[in-house]
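Pasting query.tsv here (TSV, C-alpha atoms):
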chain	number	residue	atom	x	y	z
A	15	MET	CA	28.69	-8.88	-25.04
A	16	ASN	CA	28.87	-12.44	-23.74
A	17	GLY	CA	31.39	-13.89	-21.34
A	18	TYR	CA	32.40	-13.78	-17.72
A	19	LEU	CA	33.26	-11.05	-15.27
A	20	MET	CA	36.27	-12.47	-13.47
A	21	HIS	CA	38.12	-11.75	-10.23
A	22	LYS	CA	41.54	-13.33	-10.48
A	23	ASN	CA	40.64	-16.87	-11.63
A	24	ASP	CA	37.15	-16.91	-10.09
A	25	VAL	CA	33.95	-16.23	-12.00
A	26	VAL	CA	32.07	-13.32	-10.44
A	27	SER	CA	29.17	-13.32	-12.89
A	28	ARG	CA	28.06	-14.69	-16.20
A	29	ILE	CA	27.40	-11.91	-18.74
A	30	GLU	CA	24.84	-12.60	-21.46
A	31	ASN	CA	23.65	-10.02	-23.96
A	32	ASP	CA	25.17	-7.28	-21.78
A	33	ILE	CA	23.23	-8.47	-18.72
A	34	VAL	CA	24.88	-9.34	-15.39
A	35	LEU	CA	23.20	-12.60	-14.42
A	36	ASP	CA	24.71	-13.34	-11.01
A	37	ASN	CA	25.02	-11.45	-7.74
A	38	ASN	CA	27.58	-12.41	-5.14
A	39	ALA	CA	29.86	-10.86	-2.55
A	40	MET	CA	32.65	-10.20	-5.05
A	41	LEU	CA	30.55	-8.23	-7.55
A	42	PRO	CA	31.92	-4.71	-8.13
A	43	LEU	CA	29.94	-2.23	-6.05
A	44	GLN	CA	28.82	-0.26	-9.09
A	45	LEU	CA	27.22	-3.37	-10.61
A	46	ASN	CA	25.73	-4.21	-7.25
A	47	GLN	CA	24.00	-0.81	-7.40
A	48	GLY	CA	22.41	-1.70	-10.73
A	49	ALA	CA	24.82	-0.12	-13.20
A	50	SER	CA	25.16	-1.74	-16.61
A	51	ILE	CA	28.19	-3.87	-17.45
A	52	GLU	CA	28.94	-1.54	-20.36
A	53	GLY	CA	28.86	1.48	-18.06
A	54	TRP	CA	31.20	-0.22	-15.61
A	55	LEU	CA	33.59	-1.25	-18.37
A	56	THR	CA	33.74	2.12	-20.13
A	57	GLY	CA	34.42	3.80	-16.78
A	58	ARG	CA	37.71	1.90	-16.76
A	59	ALA	CA	38.93	3.24	-20.12
A	60	ILE	CA	41.69	5.82	-20.53
A	61	ASP	CA	40.36	9.35	-20.99
A	62	LYS	CA	39.90	9.75	-24.76
A	63	HIS	CA	40.45	13.52	-24.46
A	64	ARG	CA	44.07	13.10	-23.40
A	65	THR	CA	46.31	13.83	-26.38
A	66	ASN	CA	48.62	10.95	-25.57
A	67	SER	CA	45.67	8.59	-25.28
A	68	ARG	CA	45.02	9.09	-28.98
A	69	LEU	CA	48.70	8.57	-29.81
A	70	LEU	CA	48.78	5.39	-27.75
A	71	LYS	CA	45.86	3.94	-29.66
A	72	LYS	CA	47.55	4.76	-32.97
A	73	VAL	CA	50.73	3.03	-31.85
A	74	LEU	CA	48.71	-0.02	-30.77
A	75	ARG	CA	47.07	-0.07	-34.21
A	76	MET	CA	43.58	0.20	-32.76
A	77	THR	CA	41.02	0.79	-35.50
A	78	ASP	CA	38.10	0.92	-33.05
A	79	THR	CA	39.07	3.55	-30.46
A	80	SER	CA	35.77	3.62	-28.58
A	81	ASP	CA	35.89	3.28	-24.79
A	82	ILE	CA	34.43	-0.22	-24.86
A	83	ALA	CA	36.93	-1.44	-27.48
A	84	THR	CA	39.77	0.21	-25.56
A	85	VAL	CA	38.97	-1.42	-22.26
A	86	LEU	CA	38.34	-4.84	-23.80
A	87	ARG	CA	41.71	-4.67	-25.58
A	88	ALA	CA	43.16	-4.94	-22.04
A	89	HIS	CA	40.51	-7.48	-20.95
A	90	ALA	CA	39.28	-4.67	-18.67
A	91	ALA	CA	42.19	-5.33	-16.32
A	92	THR	CA	43.72	-2.53	-14.23
A	93	ILE	CA	46.70	-2.16	-11.93
A	94	THR	CA	44.52	-1.25	-8.92
A	95	ASP	CA	42.13	-4.19	-8.73
A	96	ASN	CA	41.78	-7.86	-9.69
A	97	TYR	CA	38.74	-7.69	-12.00
A	98	TRP	CA	38.79	-8.52	-15.70
A	99	PHE	CA	36.56	-9.70	-18.51
A	100	LYS	CA	36.81	-13.03	-20.34
A	101	ALA	CA	34.81	-13.27	-23.55
A	102	ASP	CA	33.17	-16.49	-24.64
A	103	GLY	CA	35.63	-18.70	-26.50
A	104	GLU	CA	38.74	-17.36	-24.78
A	105	ASP	CA	40.89	-20.03	-23.16
A	106	ILE	CA	42.85	-17.79	-20.80
A	107	GLU	CA	43.57	-17.40	-17.09
A	108	TYR	CA	44.40	-14.43	-14.88
A	109	ASN	CA	48.15	-14.83	-15.33
A	110	ASP	CA	47.65	-14.56	-19.09
A	111	ILE	CA	46.20	-11.06	-18.85
A	112	LEU	CA	48.26	-9.64	-15.97
A	113	PHE	CA	50.40	-6.70	-17.01
A	114	ASN	CA	54.12	-7.43	-16.86
A	115	ASP	CA	55.50	-4.85	-19.28
A	116	ASP	CA	55.64	-1.05	-19.40
A	117	SER	CA	56.79	-0.64	-23.01
A	118	TYR	CA	54.11	1.96	-23.76
A	119	ALA	CA	54.61	4.04	-20.63
A	120	ASP	CA	56.55	6.84	-22.30
A	121	VAL	CA	54.00	7.15	-25.11
A	122	ALA	CA	51.27	7.67	-22.51
A	123	LEU	CA	53.37	10.04	-20.42
A	124	PHE	CA	55.21	12.14	-23.00
A	125	GLY	CA	53.83	11.34	-26.46
A	126	SER	CA	57.22	12.39	-27.84
A	127	PHE	CA	58.65	11.39	-31.20
A	128	GLU	CA	61.26	9.24	-29.45
A	129	SER	CA	58.69	7.41	-27.30
A	130	VAL	CA	56.42	6.74	-30.27
A	131	SER	CA	59.33	5.54	-32.41
A	132	SER	CA	60.49	3.19	-29.68
A	133	ALA	CA	57.02	1.72	-29.19
A	134	GLU	CA	56.61	1.27	-32.95
A	135	LYS	CA	59.28	-1.44	-32.89
A	136	LEU	CA	57.04	-3.70	-30.80
A	137	ASN	CA	54.37	-6.13	-31.99
A	138	ASN	CA	51.65	-3.56	-31.49
A	139	LYS	CA	48.65	-5.43	-32.82
A	140	ASN	CA	48.85	-8.03	-30.06
A	141	SER	CA	50.22	-5.85	-27.28
A	142	ARG	CA	48.36	-5.02	-24.12
A	143	SER	CA	49.11	-2.08	-21.89
A	144	PRO	CA	47.99	-0.91	-18.43
A	145	GLU	CA	47.75	2.55	-19.98
A	146	LEU	CA	44.49	1.61	-21.71
A	147	THR	CA	42.81	1.44	-18.30
A	148	ASN	CA	44.76	4.24	-16.61
A	149	ILE	CA	42.01	6.79	-16.03
A	150	GLY	CA	42.24	10.52	-15.26
A	151	SER	CA	42.66	13.74	-17.21
A	152	PHE	CA	46.40	14.35	-16.68
A	153	GLU	CA	49.04	12.70	-18.85
A	154	LYS	CA	50.33	9.79	-16.81
A	155	CYS	CA	51.66	6.26	-17.00
A	156	TRP	CA	52.49	3.15	-15.01
A	157	LYS	CA	56.16	2.13	-14.83
A	158	LEU	CA	57.49	-1.14	-13.48
A	159	HIS	CA	60.44	-1.09	-11.05
A	160	ASP	CA	61.68	-4.31	-9.42
A	161	GLY	CA	58.31	-5.97	-9.83
A	162	LYS	CA	56.30	-3.04	-8.41
A	163	TRP	CA	54.17	-0.56	-10.31
A	164	PHE	CA	54.62	3.20	-9.92
A	165	MET	CA	52.43	5.92	-11.40
A	166	TYR	CA	54.14	8.89	-13.04
A	167	LYS	CA	51.99	11.98	-13.58
A	168	ARG	CA	53.11	15.06	-15.51
A	169	GLU	CA	52.53	18.29	-13.63
A	170	SER	CA	53.69	21.89	-13.48
A	171	ALA	CA	56.02	22.95	-10.65
A	172	LEU	CA	53.10	24.48	-8.74
A	173	GLU	CA	51.06	21.29	-9.13
A	174	GLN	CA	53.97	19.12	-8.07
A	175	PHE	CA	54.58	21.21	-4.97
A	176	SER	CA	50.90	21.15	-4.05
A	177	GLU	CA	50.65	17.37	-4.41
A	178	ILE	CA	53.80	16.68	-2.38
A	179	PHE	CA	53.11	19.30	0.28
A	180	ILE	CA	49.59	18.03	0.94
A	181	CYS	CA	50.92	14.47	1.18
A	182	LYS	CA	53.47	15.52	3.82
A	183	LEU	CA	51.01	17.69	5.75
A	184	GLY	CA	48.52	14.82	5.88
A	185	GLN	CA	51.27	12.50	7.10
A	186	TYR	CA	52.05	14.99	9.87
A	187	PHE	CA	48.41	14.81	10.95
A	188	GLY	CA	48.65	11.01	10.96
A	189	TYR	CA	46.29	10.52	8.00
A	190	ASP	CA	46.59	7.76	5.42
A	191	MET	CA	48.13	9.47	2.38
A	192	ALA	CA	49.35	8.26	-0.98
A	193	VAL	CA	53.06	9.12	-0.97
A	194	TYR	CA	54.25	11.40	-3.78
A	195	GLU	CA	57.80	12.27	-4.76
A	196	LYS	CA	59.21	14.56	-7.43
A	197	HIS	CA	60.86	13.11	-10.54
A	198	ASP	CA	61.83	15.63	-13.23
A	199	ASP	CA	58.55	17.23	-14.39
A	200	CYS	CA	56.44	14.49	-12.81
A	201	VAL	CA	55.26	13.27	-9.45
A	202	VAL	CA	55.61	9.56	-8.71
A	203	THR	CA	53.56	7.38	-6.39
A	204	ALA	CA	53.59	3.63	-5.84
A	205	ASP	CA	50.55	1.43	-6.48
A	206	PHE	CA	48.95	1.60	-3.03
A	207	THR	CA	46.83	-1.56	-3.30
A	208	GLU	CA	49.77	-3.53	-1.86
A	209	ASN	CA	50.23	-5.67	-4.95
A	210	LYS	CA	46.48	-6.19	-5.36
A	211	ARG	CA	45.85	-7.23	-1.77
A	212	TYR	CA	42.99	-4.75	-2.03
A	213	ASP	CA	40.60	-3.86	-4.81
A	214	LEU	CA	40.17	-0.10	-5.17
A	215	GLU	CA	36.53	0.87	-5.60
A	216	PRO	CA	36.17	4.56	-6.55
A	217	ALA	CA	33.35	6.42	-4.84
A	218	VAL	CA	31.45	6.69	-8.12
A	219	ALA	CA	30.67	2.98	-7.55
A	220	PHE	CA	28.43	3.75	-4.57
A	221	VAL	CA	27.51	7.45	-4.76
A	222	GLY	CA	27.43	7.95	-8.53
A	223	GLU	CA	28.13	11.54	-9.54
A	224	ASN	CA	26.73	12.96	-6.29
A	225	GLU	CA	29.51	15.03	-4.69
A	226	ASP	CA	27.50	16.18	-1.66
A	227	TYR	CA	29.55	15.63	1.51
A	228	THR	CA	26.62	14.46	3.64
A	229	TYR	CA	25.37	12.02	1.03
A	230	SER	CA	28.82	10.45	0.73
A	231	TYR	CA	29.32	10.44	4.50
A	232	LYS	CA	26.07	8.55	5.09
A	233	LYS	CA	26.92	6.04	2.36
A	234	LEU	CA	30.30	5.44	3.97
A	235	LEU	CA	28.69	5.04	7.39
A	236	GLU	CA	26.93	2.00	5.93
A	237	PHE	CA	30.36	0.40	5.55
A	238	SER	CA	31.68	1.42	8.99
A	239	PRO	CA	32.00	4.44	11.34
A	240	GLU	CA	35.80	4.27	10.92
A	241	ILE	CA	35.56	4.66	7.15
A	242	ALA	CA	33.15	7.57	7.52
A	243	SER	CA	35.51	9.16	10.08
A	244	ASP	CA	38.42	8.92	7.64
A	245	PHE	CA	36.24	10.59	5.01
A	246	VAL	CA	35.80	13.53	7.40
A	247	LYS	CA	39.60	13.81	7.59
A	248	LEU	CA	39.76	13.75	3.79
A	249	ILE	CA	37.28	16.62	3.54
A	250	PHE	CA	39.12	18.54	6.26
A	251	MET	CA	42.33	18.27	4.24
A	252	ASP	CA	40.52	19.39	1.08
A	253	THR	CA	39.12	22.40	2.91
A	254	LEU	CA	42.40	23.33	4.57
A	255	CYS	CA	44.41	23.00	1.35
A	256	TYR	CA	41.74	24.41	-0.97
A	257	ASN	CA	41.20	21.30	-3.07
A	258	MET	CA	38.27	22.19	-5.32
A	259	ASP	CA	38.70	19.04	-7.41
A	260	ARG	CA	37.51	16.27	-5.08
A	261	HIS	CA	35.14	14.19	-7.17
A	262	THR	CA	33.79	10.66	-7.05
A	263	ASN	CA	36.60	9.18	-9.12
A	264	ASN	CA	39.47	10.43	-6.96
A	265	TYR	CA	38.56	8.94	-3.62
A	266	GLY	CA	37.18	5.56	-2.74
A	267	VAL	CA	37.34	2.46	-0.57
A	268	PHE	CA	39.48	-0.65	-0.37
A	269	ARG	CA	37.89	-4.09	-0.50
A	270	ASP	CA	39.69	-7.17	0.75
A	271	ALA	CA	40.61	-9.04	-2.42
A	272	ALA	CA	40.05	-12.36	-0.66
A	273	THR	CA	36.57	-11.70	0.74
A	274	GLY	CA	35.13	-8.66	-1.03
A	275	GLU	CA	34.58	-6.93	2.32
A	276	VAL	CA	34.96	-3.14	2.34
A	277	VAL	CA	37.72	-2.67	4.91
A	278	LYS	CA	38.88	0.96	4.80
A	279	LEU	CA	38.97	4.25	2.94
A	280	ALA	CA	41.63	4.35	0.24
A	281	PRO	CA	44.61	6.64	0.98
A	282	ASN	CA	44.11	10.32	0.20
A	283	PHE	CA	45.36	10.80	-3.37
A	284	ASP	CA	45.15	13.22	-6.31
A	285	ASN	CA	45.73	16.65	-4.75
A	286	ASN	CA	47.46	18.39	-7.64
A	287	ILE	CA	44.57	20.79	-8.31
A	288	ALA	CA	44.76	22.37	-4.87
A	289	LEU	CA	46.76	24.84	-2.78
A	290	ILE	CA	48.88	26.93	-5.22
A	291	SER	CA	48.35	24.77	-8.32
A	292	ARG	CA	46.41	27.53	-10.05
A	293	GLY	CA	48.61	30.37	-8.85
A	294	TYR	CA	48.74	32.69	-5.86
A	295	THR	CA	45.52	34.26	-4.64
A	296	SER	CA	44.75	36.16	-1.47
A	297	THR	CA	45.62	34.41	1.79
A	298	ASP	CA	42.83	36.33	3.51
A	299	VAL	CA	39.92	34.01	4.34
A	300	SER	CA	37.88	36.58	6.22
A	301	LYS	CA	35.58	36.83	3.20
A	302	LYS	CA	33.12	34.07	2.39
A	303	ASP	CA	34.98	30.95	1.31
A	304	LEU	CA	32.98	28.22	-0.44
A	305	LEU	CA	34.95	25.24	0.87
A	306	ILE	CA	34.95	26.52	4.45
A	307	SER	CA	31.21	27.20	4.24
A	308	LEU	CA	30.60	23.68	2.92
A	309	TRP	CA	32.78	22.21	5.68
A	310	LYS	CA	30.87	24.06	8.41
A	311	GLU	CA	27.53	22.99	6.95
A	312	PHE	CA	28.76	19.41	6.74
A	313	VAL	CA	29.98	19.05	10.33
A	314	ASN	CA	26.96	20.89	11.75
A	315	GLU	CA	24.45	18.90	9.67
A	316	ASN	CA	25.87	15.61	10.86
A	317	ASN	CA	26.80	16.59	14.44
A	318	ILE	CA	30.43	15.70	13.76
A	319	GLU	CA	32.85	16.49	16.56
A	320	PHE	CA	36.13	16.99	14.75
A	321	LYS	CA	39.29	17.67	16.71
A	322	LYS	CA	42.08	19.36	14.80
A	323	THR	CA	45.65	18.17	15.28
A	324	PRO	CA	47.73	21.09	16.65
A	325	LEU	CA	49.63	22.81	13.85
A	326	SER	CA	52.29	25.50	14.20
A	327	ARG	CA	53.70	27.94	11.70
A	328	GLU	CA	57.13	26.40	12.28
A	329	THR	CA	55.84	22.94	11.32
A	330	VAL	CA	54.26	24.17	8.09
A	331	GLN	CA	57.43	26.10	7.23
A	332	GLN	CA	59.53	23.00	7.85
A	333	ILE	CA	57.31	20.88	5.58
A	334	ALA	CA	57.42	23.49	2.82
A	335	ASP	CA	61.19	24.02	3.09
A	336	GLY	CA	61.74	20.27	2.82
A	337	ILE	CA	60.35	20.23	-0.74
A	338	ASP	CA	62.96	21.10	-3.35
A	339	ILE	CA	60.68	23.04	-5.70
A	340	ASP	CA	61.02	26.79	-6.19
A	341	VAL	CA	57.74	28.35	-5.03
A	342	ASP	CA	56.78	31.16	-2.64
A	343	LYS	CA	56.90	29.12	0.55
A	344	ASN	CA	56.14	32.07	2.82
A	345	TYR	CA	52.87	32.46	0.94
A	346	VAL	CA	52.10	28.75	1.45
A	347	VAL	CA	52.69	29.04	5.19
A	348	ASP	CA	50.41	32.10	5.47
A	349	PHE	CA	47.76	30.43	3.32
A	350	ILE	CA	47.64	27.24	5.39
A	351	MET	CA	47.82	28.92	8.79
A	352	ASN	CA	45.07	31.40	7.95
A	353	ARG	CA	42.74	28.65	6.79
A	354	TYR	CA	43.68	26.46	9.75
A	355	ALA	CA	42.80	29.28	12.16
A	356	VAL	CA	39.36	29.76	10.59
A	357	LEU	CA	38.68	26.02	10.59

Starting from the file, give its structure as structure tokens.
Amino acid sequence: MNGYLMHKNDVVSRIENDIVLDNNAMLPLQLNQGASIEGWLTGRAIDKHRTNSRLLKKVLRMTDTSDIATVLRAHAATITDNYWFKADGEDIEYNDILFNDDSYADVALFGSFESVSSAEKLNNKNSRSPELTNIGSFEKCWKLHDGKWFMYKRESALEQFSEIFICKLGQYFGYDMAVYEKHDDCVVTADFTENKRYDLEPAVAFVGENEDYTYSYKKLLEFSPEIASDFVKLIFMDTLCYNMDRHTNNYGVFRDAATGEVVKLAPNFDNNIALISRGYTSTDVSKKDLLISLWKEFVNENNIEFKKTPLSRETVQQIADGIDIDVDKNYVVDFIMNRYAVL
């Protein structure tokens, strides 16, 4: 692999024989930590295990469906940052590779006969799509509305409720949350990078696969105490709402796209495998609870003084009742208030 790692129209590094030759302030954090360019690139590819991922590649007439071929088909560009790859011999600029079309969105989201048939009418061999670099295990897509990108993610009713409820509860606490709304059998959220004002760097870029709270907290302290403090709020929300799925690809930091400086924690997103998403279990937390145990260990280990925002049963009931999805809302209120009391 020979070419240039680009950020907008600026060269970040020369790549020769898969080696990153340069090191500057704009280098992606993962590469700054010594990761290979191939590892960084393949981490941007759509999950090959998603059924609709395979359909999408068929529609795009991709003969090589490996992660590296997939990501390079899109020049490694994504909706949520400004990085891309320019191979030797390519006479192109950033505007040439920017996504401006969502023709393959429904293939990625639904994989239905109608969506595939519609996409088949396009010039597939030369088409690019933001879906090729839309990571994650759920069927999802990017759709363009009035010049702004929105992510649609297919979820069950319980998953939709959990995602939306946690968003609204976090907003009540005053936390920075990705805003989710219901749309048919999906949730929808806007691209939160403010039209690429920020580059999203997932936590895997600086902590790898290490999901230990203290390890992540100390890494984030290296950026700033404020970022580390917002991470504590993230973990509090995960503990309160029983999010067992926080991993190093679904939280991260924002870098200023103009300077490369890490400026803040990204909004809290991806909470659909939490709360009631996997059904109704006991609301009794008197028995040993893994997430609560991990939370207590975390705050005690790091001498964190965390002050909870006051929360009443009436407030939780109001948030739940404001979501037009048919679930057992009394259960949700009991579940949250019991965990809140223990925390």

Quiz item: Any idea what's packed within 10 Å of Met165 (chain A), counting only C-alpha atoms, ignoring anything in its chain fewer than 3 positions away? Could you give it as an NGL selection string?
Solution: :A and (93 or 119 or 123 or 148 or 154-158 or 194 or 200-205)

Practice problem: Can you work out the spacing between CA of Ala91 (chain A) and CA of Gly125 (chain A) in Å, to one decimal? | Solution: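 Result for CA of Ala91 (chain A) versus CA of Gly125 (chain A): 22.7 Å, one decimal.
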
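Counting only C-alpha atoms, Gly57 (chain A) has the following residues at most 9 Å away, ignoring those fewer than 2 positions along the same chain: Glu52, Gly53, Trp54, Leu55, Ala59, Ile60, Asp81, Val85, Thr147 and Ile149 of chain A.
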
Quiz prompt | Selection: 6 Å around Val347 (chain A), only C-alpha atoms, excl. self and same-chain fewer than 3 positions, as number ranges by chain | solution = A: 330-331, 344, 350

Quiz item: So how many Å separate CA of Tyr229 (chain A) and CA of Asp303 (chain A), to one decimal?
Solution: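 Separation between CA of Tyr229 (chain A) and CA of Asp303 (chain A): 21.2 Å.
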
Quiz item: Any idea what the distance is between CA of Asp259 (chain A) and CA of Leu183 (chain A)?
Solution: 18.1 Å
